[in-house]
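Peer 1: Sending over structure-v3.txt (compact mmCIF, C-alpha atoms).
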# COMPACT_ATOMS: atom_id res chain seq x y z
CA MET A 16 0.00 0.00 0.00
CA GLN A 17 1.26 3.46 -0.93
CA SER A 18 2.07 5.90 1.77
CA LEU A 19 -0.40 8.65 2.49
CA TYR A 20 2.18 11.27 1.55
CA LYS A 21 2.81 9.73 -1.89
CA THR A 22 -0.93 9.40 -2.56
CA THR A 23 -1.59 13.05 -1.71
CA LYS A 24 1.44 14.13 -3.77
CA ASP A 25 0.12 12.18 -6.79
CA MET A 26 -3.33 13.72 -6.30
CA GLU A 27 -1.78 17.20 -6.14
CA THR A 28 0.08 16.57 -9.41
CA LYS A 29 -3.12 15.43 -11.10
CA LEU A 30 -4.98 18.47 -9.79
CA HIS A 31 -2.32 20.81 -11.19
CA ALA A 32 -2.60 19.10 -14.58
CA LEU A 33 -6.40 19.39 -14.45
CA LEU A 34 -6.16 23.06 -13.50
CA ALA A 35 -3.85 23.68 -16.48
CA GLU A 36 -6.40 22.01 -18.79
CA VAL A 37 -9.24 24.10 -17.34
CA GLN A 38 -7.19 27.29 -17.85
CA GLU A 39 -6.52 26.32 -21.47
CA LEU A 40 -10.21 25.58 -22.04
CA LYS A 41 -11.14 28.91 -20.43
CA ASN A 42 -8.72 30.78 -22.71
CA LYS A 43 -10.13 29.06 -25.80
CA ALA A 44 -13.69 29.90 -24.71
CA ARG A 45 -12.70 33.56 -24.24
CA GLU A 46 -11.09 33.66 -27.68
CA MET A 47 -14.20 32.13 -29.24
CA GLU A 48 -16.46 34.65 -27.47
CA GLU A 49 -14.29 37.54 -28.69
CA GLU A 50 -14.38 36.18 -32.24
CA ASN A 51 -18.15 35.73 -32.01
CA VAL A 52 -18.57 39.36 -30.92
CA ARG A 53 -16.30 40.54 -33.74
CA LEU A 54 -18.15 38.48 -36.34
CA ARG A 55 -21.53 39.71 -35.12
CA LYS A 56 -20.33 43.31 -35.44
CA GLU A 57 -19.02 42.65 -38.95
CA LEU A 58 -22.25 40.95 -39.96
CA ALA A 59 -24.32 43.78 -38.49
CA THR A 60 -22.19 46.33 -40.37
CA ILE A 61 -22.64 44.45 -43.63
CA TYR A 62 -26.35 44.11 -42.92
CA ARG A 63 -26.74 47.81 -42.11
CA ASP A 64 -24.63 49.00 -45.06
CA GLY A 65 -26.40 46.64 -47.43
CA PHE A 66 -29.79 48.19 -46.83
CA THR A 67 -28.69 51.82 -46.55
CA GLY A 68 -26.95 51.98 -49.90
CA GLY A 69 -24.11 49.47 -49.95
CA PHE A 70 -25.90 46.86 -52.07
CA GLY A 71 -28.18 49.10 -54.04
CA SER A 72 -25.69 51.83 -54.93
CA GLY A 73 -23.47 49.87 -57.32
CA GLU A 74 -25.30 47.12 -59.10
CA PRO A 75 -29.07 46.80 -59.35
CA GLY A 76 -28.97 43.04 -58.71
CA MET A 77 -26.94 43.31 -55.51
CA ALA A 78 -29.95 44.13 -53.29
CA HIS A 79 -31.66 41.04 -54.66
CA LYS A 80 -28.53 38.98 -53.98
CA GLY A 81 -28.35 40.41 -50.45
CA PHE A 82 -31.91 39.35 -49.79
CA PHE A 83 -31.11 35.80 -50.87
CA ASN A 84 -28.00 35.81 -48.65
CA LEU A 85 -30.18 36.79 -45.67
CA LEU A 86 -32.71 34.14 -46.62
CA ASP A 87 -29.88 31.59 -46.72
CA LEU A 88 -28.75 32.69 -43.24
CA TYR A 89 -32.31 32.27 -41.98
CA ASP A 90 -32.49 28.81 -43.57
CA HIS A 91 -29.30 27.91 -41.69
CA ASP A 92 -31.08 28.74 -38.42
CA PHE A 93 -29.67 32.22 -37.80
CA HIS A 94 -31.71 35.28 -36.92
CA ILE A 95 -31.77 38.04 -39.53
CA CYS A 96 -34.01 40.43 -37.58
CA ASN A 97 -32.62 43.50 -35.86
CA VAL A 98 -33.63 42.12 -32.44
CA TYR A 99 -31.53 38.91 -32.41
CA PHE A 100 -29.36 39.40 -35.50
CA GLY A 101 -26.68 36.73 -35.95
CA ARG A 102 -27.78 34.54 -33.05
CA LYS A 103 -28.70 30.90 -33.54
CA ARG A 104 -32.44 30.23 -33.98
CA THR A 105 -34.22 27.32 -32.31
CA GLY A 106 -37.53 27.84 -34.11
CA ASP A 107 -39.37 30.34 -36.24
CA CYS A 108 -38.95 34.00 -35.31
CA LEU A 109 -41.82 36.39 -35.88
CA PHE A 110 -39.44 39.34 -36.28
CA CYS A 111 -37.39 37.53 -38.94
CA MET A 112 -40.50 36.37 -40.74
CA ALA A 113 -41.94 39.91 -40.73
CA PHE A 114 -38.66 41.21 -42.15
CA LEU A 115 -38.67 38.60 -44.91
CA ARG A 116 -42.30 39.31 -45.72
CA LYS A 117 -41.58 43.06 -45.88
CA GLU A 118 -38.60 42.53 -48.19
CA GLN A 119 -40.65 40.35 -50.58
CA GLU A 120 -43.32 43.03 -51.05
CA PRO A 121 -42.88 45.08 -54.21
CA ALA A 122 -41.57 48.62 -53.72
CA LYS A 123 -44.27 51.27 -53.67
Could you take the file, read its structure, and then write that structure out as structure tokens?

Peer 2:
Amino acid sequence: MQSLYKTTKDMETKLHALLAEVQELKNKAREMEEENVRLRKELATIYRDGFTGGFGSGEPGMAHKGFFNLLDLYDHDFHICNVYFGRKRTGDCLFCMAFLRKEQEPAK
């Protein structure tokens, strides 16, 4: 039977290794959260610029293409509404659906 001192020393070594793994996991989670925030901001900027003149100013077909890109995002279970933009959807969103319906209506 191992001595009590050796057993506690082994346990301490394992705990240090586990703590190092937890720290590494925590750092990766922080990096992913920062990237997620950055990507949401980029997507929101593209979204905002696309409907205030970015898409429509150059080519006439770009606004149409932008709409289909948003529709594709929605089909991949992401919100495209201004309330939850860029977040993962778990079901249908009334705000997104209202936005899509509004965009499909002909311009008056």

Peer 1: Find the residues near Ile95 of chain A: any atom within 10 Å, counting all atoms listed in the file, skip ones fewer than 2 places away on the same chain, and give them as a CSV table (one decimal) with C-alpha atoms, in the coordinates of the input.

Peer 2:
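Written file, selection.csv:
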chain,number,residue,atom,x,y,z
A,58,LEU,CA,-22.2,41.0,-40.0
A,59,ALA,CA,-24.3,43.8,-38.5
A,62,TYR,CA,-26.4,44.1,-42.9
A,85,LEU,CA,-30.2,36.8,-45.7
A,86,LEU,CA,-32.7,34.1,-46.6
A,87,ASP,CA,-29.9,31.6,-46.7
A,88,LEU,CA,-28.8,32.7,-43.2
A,89,TYR,CA,-32.3,32.3,-42.0
A,92,ASP,CA,-31.1,28.7,-38.4
A,93,PHE,CA,-29.7,32.2,-37.8
A,97,ASN,CA,-32.6,43.5,-35.9
A,98,VAL,CA,-33.6,42.1,-32.4
A,99,TYR,CA,-31.5,38.9,-32.4
A,100,PHE,CA,-29.4,39.4,-35.5
A,101,GLY,CA,-26.7,36.7,-36.0
A,102,ARG,CA,-27.8,34.5,-33.0
A,103,LYS,CA,-28.7,30.9,-33.5
A,104,ARG,CA,-32.4,30.2,-34.0
A,108,CYS,CA,-39.0,34.0,-35.3
A,110,PHE,CA,-39.4,39.3,-36.3
A,111,CYS,CA,-37.4,37.5,-38.9
A,112,MET,CA,-40.5,36.4,-40.7
A,114,PHE,CA,-38.7,41.2,-42.2
A,115,LEU,CA,-38.7,38.6,-44.9

Peer 1: Could you state the separation of atom CA of Arg63 of chain A and atom CA of Glu50 of chain A in Å, given to one decimal place?

Peer 2: 19.6 Å

Peer 1: To one decimal place, how far is atom CA of Glu48 of chain A from atom CA of Thr105 of chain A in Å?

Peer 2: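 Pair atom CA of Glu48 of chain A / atom CA of Thr105 of chain A returns 19.8 Å.
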
Peer 1: Just how far from atom CA of Thr23 of chain A is atom CA of Leu40 of chain A, in Å to one decimal?

Peer 2: 25.4 Å

Peer 1: Could the centre and edge lengths of an axis-aligned box, enclosing all atoms of segment 93-98 of chain A in the file with 4 Å extra on each side, be given in Å to one decimal as lines of an AutoDock Vina configuration file?

Peer 2:
center_x = -31.8
center_y = 37.9
center_z = -36.0
size_x = 12.3
size_y = 19.3
size_z = 15.1
